[in-house]
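Participant: What follows is the file protein12.txt, containing compact mmCIF, C-alpha atoms:
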# COMPACT_ATOMS: atom_id res chain seq x y z
CA MET A 1 -37.99 2.73 -18.79
CA GLY A 2 -36.87 6.33 -19.28
CA LEU A 3 -36.19 6.79 -15.57
CA GLU A 4 -32.50 7.31 -16.30
CA LYS A 5 -33.42 10.70 -17.80
CA LEU A 6 -34.57 11.85 -14.35
CA HIS A 7 -31.16 11.22 -12.77
CA PRO A 8 -27.77 12.91 -13.27
CA PHE A 9 -25.96 9.57 -13.54
CA ASP A 10 -25.24 8.24 -17.04
CA ALA A 11 -26.87 4.81 -16.77
CA GLY A 12 -25.12 3.72 -19.97
CA LYS A 13 -21.63 4.54 -18.66
CA TRP A 14 -20.58 0.96 -17.91
CA GLY A 15 -21.56 -0.44 -21.29
CA LYS A 16 -19.84 2.43 -23.04
CA ILE A 17 -16.58 1.70 -21.21
CA ILE A 18 -16.71 -1.92 -22.37
CA ASN A 19 -17.45 -0.86 -25.95
CA PHE A 20 -14.52 1.58 -25.97
CA LEU A 21 -12.19 -1.15 -24.70
CA LYS A 22 -13.49 -3.55 -27.36
CA GLU A 23 -12.86 -0.95 -30.06
CA GLU A 24 -9.27 -0.65 -28.84
CA LYS A 25 -8.93 -4.48 -28.98
CA LEU A 26 -8.09 -4.72 -25.27
CA ILE A 27 -11.01 -7.04 -24.58
CA ALA A 28 -13.38 -9.31 -26.50
CA ASP A 29 -16.71 -10.93 -25.64
CA ASP A 30 -15.23 -14.36 -24.97
CA LEU A 31 -12.73 -12.89 -22.50
CA ILE A 32 -15.15 -10.92 -20.34
CA VAL A 33 -15.92 -12.19 -16.84
CA GLN A 34 -19.66 -11.72 -16.45
CA ALA A 35 -20.74 -10.56 -13.02
CA ARG A 36 -23.35 -12.64 -11.23
CA GLU A 37 -26.13 -11.10 -9.19
CA ALA A 38 -25.41 -11.11 -5.45
CA THR A 39 -27.95 -13.34 -3.68
CA ASP A 40 -29.75 -12.57 -0.43
CA GLU A 41 -27.37 -14.96 1.30
CA ASP A 42 -24.42 -13.03 -0.07
CA LEU A 43 -25.90 -9.68 0.95
CA LEU A 44 -26.66 -10.91 4.48
CA VAL A 45 -22.94 -11.31 5.07
CA VAL A 46 -23.02 -7.54 5.67
CA HIS A 47 -26.58 -6.25 5.46
CA THR A 48 -29.25 -6.70 8.09
CA ARG A 49 -32.43 -8.53 7.14
CA ARG A 50 -34.33 -5.45 8.28
CA TYR A 51 -32.49 -3.30 5.72
CA LEU A 52 -33.04 -5.74 2.85
CA ASN A 53 -36.74 -5.90 3.73
CA LYS A 54 -36.90 -2.10 3.52
CA LEU A 55 -35.84 -2.34 -0.12
CA LYS A 56 -39.14 -4.12 -0.80
CA TRP A 57 -40.79 -0.72 -0.40
CA SER A 58 -40.55 1.37 -3.58
CA PHE A 59 -40.53 4.69 -1.73
CA VAL A 60 -37.40 3.59 0.17
CA VAL A 61 -35.61 2.79 -3.11
CA ALA A 62 -36.81 6.13 -4.54
CA THR A 63 -35.22 7.91 -1.59
CA ILE A 64 -31.91 6.04 -1.90
CA THR A 65 -31.64 6.50 -5.67
CA GLU A 66 -33.06 10.03 -5.57
CA ILE A 67 -35.53 9.27 -8.37
CA PRO A 68 -38.93 10.28 -6.89
CA PRO A 69 -41.15 8.59 -9.56
CA VAL A 70 -39.74 5.20 -8.49
CA ALA A 71 -41.93 5.53 -5.39
CA PHE A 72 -45.02 5.03 -7.53
CA LEU A 73 -43.84 1.86 -9.30
CA PRO A 74 -44.82 -1.65 -8.18
CA ASN A 75 -41.92 -3.10 -6.23
CA PHE A 76 -41.50 -6.09 -8.57
CA ILE A 77 -40.62 -3.60 -11.32
CA VAL A 78 -38.26 -1.73 -8.99
CA GLN A 79 -36.56 -5.01 -8.07
CA ARG A 80 -36.09 -6.02 -11.71
CA LYS A 81 -35.25 -2.66 -13.30
CA VAL A 82 -33.46 -0.79 -10.53
CA LEU A 83 -32.15 -3.14 -7.83
CA LYS A 84 -31.20 -6.20 -9.87
CA PRO A 85 -28.61 -4.26 -11.91
CA LEU A 86 -27.19 -2.89 -8.65
CA ARG A 87 -27.08 -6.38 -7.13
CA THR A 88 -25.26 -7.60 -10.24
CA GLN A 89 -22.66 -4.84 -9.91
CA THR A 90 -22.34 -5.78 -6.24
CA GLY A 91 -21.72 -9.40 -7.21
CA GLY A 92 -19.15 -8.09 -9.68
CA THR A 93 -17.26 -6.29 -6.93
CA ILE A 94 -17.16 -9.45 -4.79
CA MET A 95 -15.94 -11.49 -7.76
CA ALA A 96 -13.35 -8.87 -8.69
CA GLY A 97 -11.93 -9.04 -5.17
CA LYS A 98 -11.15 -12.73 -5.70
CA LEU A 99 -9.76 -12.06 -9.17
CA ALA A 100 -7.50 -9.34 -7.78
CA MET A 101 -6.02 -11.81 -5.31
CA ASP A 102 -5.57 -14.40 -8.07
CA ARG A 103 -4.13 -12.06 -10.69
CA GLY A 104 -2.70 -9.06 -8.86
CA TRP A 105 -5.40 -6.66 -9.97
CA ALA A 106 -9.00 -6.46 -11.16
CA ILE A 107 -11.39 -3.75 -12.27
CA ASN A 108 -15.15 -3.95 -11.81
CA VAL A 109 -16.53 -1.64 -14.49
CA GLY A 110 -19.19 -0.54 -12.06
CA GLY A 111 -19.67 -0.76 -8.31
CA GLY A 112 -18.16 1.57 -5.75
CA PHE A 113 -21.39 2.16 -3.81
CA HIS A 114 -19.52 3.88 -1.02
CA HIS A 115 -22.46 5.64 0.66
CA CYS A 116 -24.21 2.41 1.61
CA SER A 117 -23.51 0.75 4.96
CA SER A 118 -24.86 -2.45 6.49
CA ASP A 119 -28.15 -0.90 7.57
CA LYS A 120 -28.59 2.25 5.51
CA GLY A 121 -28.49 3.20 1.83
CA GLY A 122 -28.19 6.65 0.30
CA GLY A 123 -26.53 8.77 -2.35
CA PHE A 124 -27.59 6.43 -5.19
CA CYS A 125 -26.06 3.46 -3.29
CA ALA A 126 -28.34 0.57 -2.27
CA TYR A 127 -25.78 -2.16 -1.48
CA ALA A 128 -22.48 -1.99 0.42
CA ASP A 129 -20.32 -3.66 -2.22
CA ILE A 130 -16.99 -2.41 -0.81
CA THR A 131 -17.70 -3.80 2.65
CA LEU A 132 -18.97 -7.05 1.12
CA ALA A 133 -15.87 -7.57 -1.03
CA ILE A 134 -13.52 -7.03 1.91
CA LYS A 135 -15.49 -9.26 4.28
CA PHE A 136 -15.67 -12.05 1.69
CA LEU A 137 -11.89 -11.85 1.27
CA PHE A 138 -11.24 -11.86 5.01
CA GLU A 139 -13.41 -14.94 5.47
CA ARG A 140 -12.68 -16.79 2.25
CA VAL A 141 -9.10 -16.19 1.15
CA GLN A 142 -6.26 -17.46 3.26
CA GLY A 143 -3.69 -14.80 4.07
CA VAL A 144 -6.01 -11.83 3.57
CA SER A 145 -6.41 -10.11 6.91
CA ARG A 146 -5.63 -6.45 6.21
CA ALA A 147 -7.18 -4.12 3.62
CA THR A 148 -6.67 -0.51 2.63
CA ILE A 149 -9.49 1.48 1.05
CA ILE A 150 -8.31 4.38 -1.09
CA ASP A 151 -11.44 6.39 -1.83
CA LEU A 152 -10.84 9.11 -4.42
CA ASP A 153 -14.43 9.77 -5.44
CA ALA A 154 -15.32 13.44 -4.95
CA HIS A 155 -17.68 12.51 -2.10
CA GLN A 156 -16.82 11.15 1.34
CA GLY A 157 -17.22 7.35 1.47
CA ASN A 158 -19.34 7.29 4.61
CA GLY A 159 -20.85 3.84 4.02
CA HIS A 160 -17.69 1.74 4.29
CA GLU A 161 -16.42 4.13 6.96
CA ARG A 162 -19.38 3.35 9.20
CA ASP A 163 -19.02 -0.39 8.53
CA PHE A 164 -15.32 -0.47 9.44
CA MET A 165 -15.42 2.16 12.19
CA ASP A 166 -13.77 -0.01 14.85
CA ASP A 167 -12.06 -2.60 12.66
CA PRO A 168 -8.26 -2.38 12.97
CA ARG A 169 -7.86 -4.65 9.92
CA VAL A 170 -9.09 -1.90 7.56
CA TYR A 171 -7.22 1.35 6.87
CA ILE A 172 -9.20 4.08 5.09
CA MET A 173 -7.79 6.96 3.09
CA ASP A 174 -10.45 9.33 1.77
CA ALA A 175 -9.93 12.46 -0.37
CA TYR A 176 -13.11 14.43 -1.04
CA ASN A 177 -14.69 17.85 -1.47
CA ARG A 178 -15.26 18.93 2.13
CA TYR A 179 -18.36 21.01 1.29
CA ILE A 180 -20.60 18.47 -0.43
CA TYR A 181 -22.72 15.41 0.41
CA PRO A 182 -22.69 13.52 2.74
CA GLY A 183 -20.78 15.56 5.34
CA ASP A 184 -20.98 12.62 7.74
CA GLY A 185 -19.02 13.74 10.78
CA PHE A 186 -19.48 10.47 12.65
CA ALA A 187 -18.16 8.41 9.71
CA LYS A 188 -15.10 10.66 9.41
CA ARG A 189 -13.84 9.18 12.67
CA ALA A 190 -13.03 5.98 10.75
CA ILE A 191 -10.74 7.75 8.25
CA LYS A 192 -7.09 7.14 9.04
CA ARG A 193 -5.84 9.54 6.34
CA LYS A 194 -8.29 12.33 5.57
CA VAL A 195 -7.72 14.71 2.63
CA GLU A 196 -10.38 17.43 2.56
CA LEU A 197 -10.39 19.40 -0.68
CA GLU A 198 -11.60 22.90 -1.51
CA TRP A 199 -14.05 23.87 -4.23
CA GLY A 200 -12.41 23.91 -7.65
CA THR A 201 -9.23 22.05 -6.70
CA GLU A 202 -7.16 21.60 -9.89
CA ASP A 203 -4.68 19.02 -11.21
CA THR A 204 -1.37 20.18 -9.75
CA GLU A 205 -2.53 20.46 -6.15
CA TYR A 206 -4.75 17.40 -6.39
CA LEU A 207 -2.17 15.04 -7.88
CA GLN A 208 0.47 16.18 -5.40
CA LYS A 209 -1.88 15.39 -2.52
CA VAL A 210 -2.90 12.05 -4.00
CA GLN A 211 0.70 10.95 -4.48
CA THR A 212 1.79 12.09 -1.02
CA HIS A 213 -1.11 10.50 0.82
CA VAL A 214 -1.35 7.26 -1.17
CA GLU A 215 2.36 6.64 -0.61
CA GLY A 216 1.99 7.63 3.03
CA ALA A 217 -1.00 5.36 3.55
CA LEU A 218 0.73 2.34 2.06
CA ASN A 219 3.88 3.02 4.09
CA GLU A 220 1.91 3.44 7.30
CA PHE A 221 -0.21 0.29 6.95
CA LYS A 222 0.81 -2.83 5.02
CA PRO A 223 -2.36 -4.28 3.45
CA ASP A 224 -3.00 -7.57 1.70
CA ILE A 225 -5.27 -5.80 -0.81
CA VAL A 226 -6.05 -2.23 -1.88
CA VAL A 227 -9.67 -1.41 -2.73
CA TYR A 228 -9.49 1.67 -4.94
CA ASN A 229 -12.72 3.64 -5.37
CA ALA A 230 -11.93 5.58 -8.53
CA GLY A 231 -14.86 7.96 -8.95
CA THR A 232 -14.66 10.32 -11.93
CA ASP A 233 -16.93 12.95 -10.38
CA ILE A 234 -13.73 14.90 -9.67
CA LEU A 235 -13.83 15.91 -13.36
CA ASP A 236 -14.05 19.63 -14.09
CA GLY A 237 -17.68 20.52 -14.74
CA ASP A 238 -19.20 17.61 -12.83
CA PRO A 239 -22.57 18.82 -11.50
CA LEU A 240 -22.12 17.15 -8.12
CA GLY A 241 -18.37 16.92 -7.45
CA GLY A 242 -17.35 20.59 -7.35
CA LEU A 243 -13.71 19.91 -8.25
CA ALA A 244 -11.82 20.84 -11.44
CA ILE A 245 -9.65 17.91 -12.46
CA SER A 246 -8.88 17.42 -16.17
CA PRO A 247 -9.32 14.12 -18.05
CA GLN A 248 -5.53 13.81 -18.12
CA GLY A 249 -5.47 14.39 -14.37
CA ILE A 250 -7.86 11.48 -13.80
CA VAL A 251 -5.72 9.17 -15.95
CA LYS A 252 -2.63 10.25 -14.00
CA ARG A 253 -4.40 9.76 -10.66
CA ASP A 254 -5.27 6.14 -11.49
CA GLU A 255 -1.70 5.58 -12.63
CA LEU A 256 -0.32 6.91 -9.32
CA VAL A 257 -2.53 4.57 -7.27
CA PHE A 258 -1.71 1.49 -9.36
CA ARG A 259 2.00 2.31 -9.41
CA ALA A 260 2.10 2.71 -5.62
CA ALA A 261 0.27 -0.56 -4.97
CA ARG A 262 1.88 -2.70 -7.66
CA SER A 263 5.41 -1.54 -6.74
CA ARG A 264 4.75 -2.95 -3.27
CA GLY A 265 3.29 -6.19 -4.61
CA VAL A 266 -0.16 -5.39 -3.22
CA PRO A 267 -3.17 -6.53 -5.32
CA VAL A 268 -5.57 -3.78 -6.43
CA LEU A 269 -9.34 -3.95 -6.83
CA MET A 270 -10.58 -0.86 -8.73
CA LEU A 271 -14.22 0.31 -8.83
CA THR A 272 -15.52 3.11 -11.04
CA SER A 273 -18.03 4.65 -8.57
CA GLY A 274 -19.43 8.16 -9.25
CA GLY A 275 -19.11 10.35 -12.32
CA TYR A 276 -21.96 12.39 -13.73
CA GLN A 277 -20.92 13.54 -17.18
CA LYS A 278 -21.30 11.70 -20.48
CA ARG A 279 -17.56 11.94 -21.20
CA THR A 280 -16.51 9.97 -18.12
CA ALA A 281 -16.87 6.60 -19.90
CA ARG A 282 -14.22 7.58 -22.44
CA ILE A 283 -11.92 8.84 -19.68
CA ILE A 284 -12.22 5.60 -17.70
CA ALA A 285 -11.49 3.55 -20.82
CA ASP A 286 -8.49 5.77 -21.60
CA SER A 287 -7.22 5.29 -18.06
CA ILE A 288 -7.46 1.50 -18.30
CA LEU A 289 -5.65 1.61 -21.65
CA ASN A 290 -2.95 3.77 -20.08
CA LEU A 291 -2.49 1.35 -17.18
CA HIS A 292 -2.17 -1.49 -19.69
CA SER A 293 0.32 0.38 -21.89
CA LEU A 294 2.52 1.17 -18.87
CA GLY A 295 2.60 -2.45 -17.77
CA LEU A 296 0.84 -1.62 -14.49
CA LEU A 297 -1.65 -4.39 -15.12
CA GLY A 298 1.29 -6.74 -14.92
CA ARG A 299 2.06 -9.82 -16.91
CA GLN A 300 -1.36 -11.23 -15.99
CA GLN A 301 -4.21 -10.94 -18.42
CA PRO A 302 -6.63 -8.19 -17.38
CA ALA A 303 -9.30 -9.47 -15.01
CA CYS A 304 -12.50 -7.50 -14.65
CA ALA A 305 -15.91 -8.45 -13.30
CA LEU A 306 -18.04 -6.42 -15.70
CA GLY A 307 -15.56 -6.49 -18.46
CA SER A 308 -12.01 -7.59 -18.57
CA PRO A 309 -10.08 -10.38 -20.13
CA SER A 310 -9.47 -13.55 -18.16
CA PRO A 311 -8.76 -16.30 -20.64
CA ASP A 312 -8.36 -18.91 -17.94
CA GLN A 313 -11.81 -20.45 -17.49
CA MET A 314 -10.84 -21.74 -14.06
CA VAL A 315 -10.27 -18.19 -12.85
CA ARG A 316 -13.72 -17.14 -14.06
CA ASP A 317 -15.34 -20.14 -12.43
CA SER A 318 -13.42 -19.53 -9.23
CA ALA A 319 -14.63 -15.94 -9.01
CA GLN A 320 -18.22 -16.90 -9.80
CA ASP A 321 -18.27 -19.69 -7.23
CA PHE A 322 -16.70 -17.33 -4.68
CA SER A 323 -19.49 -14.79 -5.04
CA ASN A 324 -22.37 -17.24 -4.99
CA LEU A 325 -21.55 -19.17 -1.82
CA SER A 326 -22.56 -17.34 1.30
CA LEU A 327 -20.22 -17.07 4.25
CA GLN A 328 -23.05 -17.94 6.60
As structure tokens, what does this structure read like?
Facilitator:
Amino acid sequence: MGLEKLHPFDAGKWGKIINFLKEEKLIADDLIVQAREATDEDLLVVHTRRYLNKLKWSFVVATITEIPPVAFLPNFIVQRKVLKPLRTQTGGTIMAGKLAMDRGWAINVGGGFHHCSSDKGGGFCAYADITLAIKFLFERVQGVSRATIIDLDAHQGNGHERDFMDDPRVYIMDAYNRYIYPGDGFAKRAIKRKVELEWGTEDTEYLQKVQTHVEGALNEFKPDIVVYNAGTDILDGDPLGGLAISPQGIVKRDELVFRAARSRGVPVLMLTSGGYQKRTARIIADSILNLHSLGLLGRQQPACALGSPSPDQMVRDSAQDFSNLSLQ
């Protein structure tokens, strides 16, 4: 509806990533796992009914998404054009969590709404998909009782931090620009390994810190799954991130995280999260291609909830059933 022009986020990013991967022959239409929209029952596993009811007010959604004109739209339009796509990405994250456990890794080309907690949205994030994916796994998949969140978006992941504040089953590593949104001091108490970065941090320093702290985090706490929030707003020139990482630095960062997790036999769920430049779609696609070329996606076929190959129909059905049956 043209609203995307009022927001710094590239609303076409996810589709562009898929198209780039198709052009490179890594995926094809018949091999893509289509995400299903998270239902109210699914969302209530984490969210309060009071919070979900708030989203029926357009001005609340306008505040969360930071698109003021949304406040003047009828809520049925907001639900269909703004929130339904976000619920579908949220369903994709839940599904990708199951696929990661089945296949060793999965990438939701979308998701990573790390500023949303059970009872509060913000920073463009209306649903707590990271919390939902982990709680679904804890309740649904036998043997999953410990999770590590590695949040490398340029912003602090205060949503999942608030949700897992006192949960010893979840270890959070967060590396972010210390000077930008959200600056949530209370949520920082949940971070087990905090890496606060300065304005304009560049590749050499950044990659050294990522490698040191990812390895340290995985040595300190032995998880059953790693949820990797791989925001590309760390890219040099990003209007919101304030860091100065090159495209090659982002590709190397993703490689370091996958190498650390896969070498330990820990499944990885990757989410693409923030990134506010048109060129981020190409960088994400290049990173996925690099992971594939290095064998870090393993012998399994790629498995992605908004776009990755999973030729085994049973795996697709399993993930879809997993996301559409509430834990309640």
Participant: For range 181-198 of chain A, work out the shell of residues within 6 Å, counting all atoms listed in the file and skipping chain neighbours fewer than 5 positions away, then give it as a list in words.
Facilitator: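 Within the cut-off, the hits are Asn158, Glu161, Arg162, Met165, Ile172, Met173, Asp174, Ala175 and Tyr176 of chain A.
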Participant: Around (-20.3, -5.0, 3.4) in the file's own coordinates, what residues are found within 8 Å if you use all atoms listed in the file, given back as number ranges by chain?
Facilitator: A: 43, 45-47, 117-118, 127-135, 160, 163
Participant: List the spatial neighbours of Glu24 in chain A as an mmCIF file with C-alpha atoms, keeping the file's coordinate frame - criterion: any atom at most 12 Å away, all atoms listed in the file, same-chain residues fewer than 6 positions off excluded.
Facilitator:
data_model
loop_
_atom_site.group_PDB
_atom_site.id
_atom_site.type_symbol
_atom_site.label_atom_id
_atom_site.label_comp_id
_atom_site.auth_asym_id
_atom_site.auth_seq_id
_atom_site.Cartn_x
_atom_site.Cartn_y
_atom_site.Cartn_z
ATOM 1 C CA ILE A 17 -16.580 1.700 -21.210
ATOM 2 C CA ILE A 18 -16.710 -1.920 -22.370
ATOM 3 C CA ARG A 282 -14.220 7.580 -22.440
ATOM 4 C CA ALA A 285 -11.490 3.550 -20.820
ATOM 5 C CA ASP A 286 -8.490 5.770 -21.600
ATOM 6 C CA ILE A 288 -7.460 1.500 -18.300
ATOM 7 C CA LEU A 289 -5.650 1.610 -21.650
ATOM 8 C CA ASN A 290 -2.950 3.770 -20.080
ATOM 9 C CA HIS A 292 -2.170 -1.490 -19.690
ATOM 10 C CA SER A 293 0.320 0.380 -21.890
#
Participant: Write out as a ChimeraX atom specification each polymer residue whose atoms come within 9 Å of range 69-85 of chain A, counting all atoms listed in the file; drop sequence neighbours fewer than 5 positions from it.
Facilitator: /A:1,3,6,37-38,55-63,90,126
Participant: Looking at A:Arg49, A:Lys22, A:Lys120, A:Arg253, which one is nearest to Gln208 in chain A, with distances taken over all atoms listed in the file?
Facilitator: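 Among the listed residues, A:Arg253 lies closest to Gln208 in chain A.
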Participant: With distances taken over all atoms listed in the file, which of A:Pro223, A:Pro267, A:Gly274, A:Gly237 is nearest to Leu296 in chain A?
Facilitator: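 Looking at the shortest contact to Leu296 in chain A, the residue is A:Pro267.
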Participant: I'd like to know which of A:Cys116, A:Leu269, A:Val109, A:Leu152 is closest to Lys16 in chain A, using all atoms listed in the file.
Facilitator: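 The answer is A:Val109, which sits nearest to Lys16 in chain A.
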Participant: My list of candidates is A:Ala244, A:Ala261, A:Gly200, A:Ile250. Which is closest to Ala217 in chain A when distances are computed with all atoms listed in the file?
Facilitator: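 Of the candidates, the smallest distance to Ala217 in chain A is held by A:Ala261.
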Participant: What is the distance between CA of Glu215 in chain A and CA of Ser287 in chain A, in Å to one decimal?
Facilitator: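 Between these atoms lies a distance of 20.0 Å.
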Participant: Residues near Gln142 in chain A, anyone? I mean within 12 Å using all atoms listed in the file, not counting same-chain ones fewer than 5 positions away, as a short mmCIF file (atom, residue, chain, number, x, y, z; two decimals) with C-alpha atoms, in the coordinates of the input.
Facilitator:
data_model
loop_
_atom_site.label_atom_id
_atom_site.label_comp_id
_atom_site.auth_asym_id
_atom_site.auth_seq_id
_atom_site.Cartn_x
_atom_site.Cartn_y
_atom_site.Cartn_z
CA LYS A 98 -11.15 -12.73 -5.70
CA MET A 101 -6.02 -11.81 -5.31
CA ASP A 102 -5.57 -14.40 -8.07
CA PHE A 136 -15.67 -12.05 1.69
CA LEU A 137 -11.89 -11.85 1.27
CA ASP A 224 -3.00 -7.57 1.70
#
Participant: Hey, can you check how far CA of Val210 in chain A sits from CA of Trp14 in chain A?
Facilitator: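 Pair CA of Val210 in chain A / CA of Trp14 in chain A returns 25.1 Å.
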Participant: What does the distance between CA of Glu139 in chain A and CA of Glu41 in chain A come to in Å, to one decimal place?
Facilitator: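 Computed distance, CA of Glu139 in chain A to CA of Glu41 in chain A, equals 14.6 Å.
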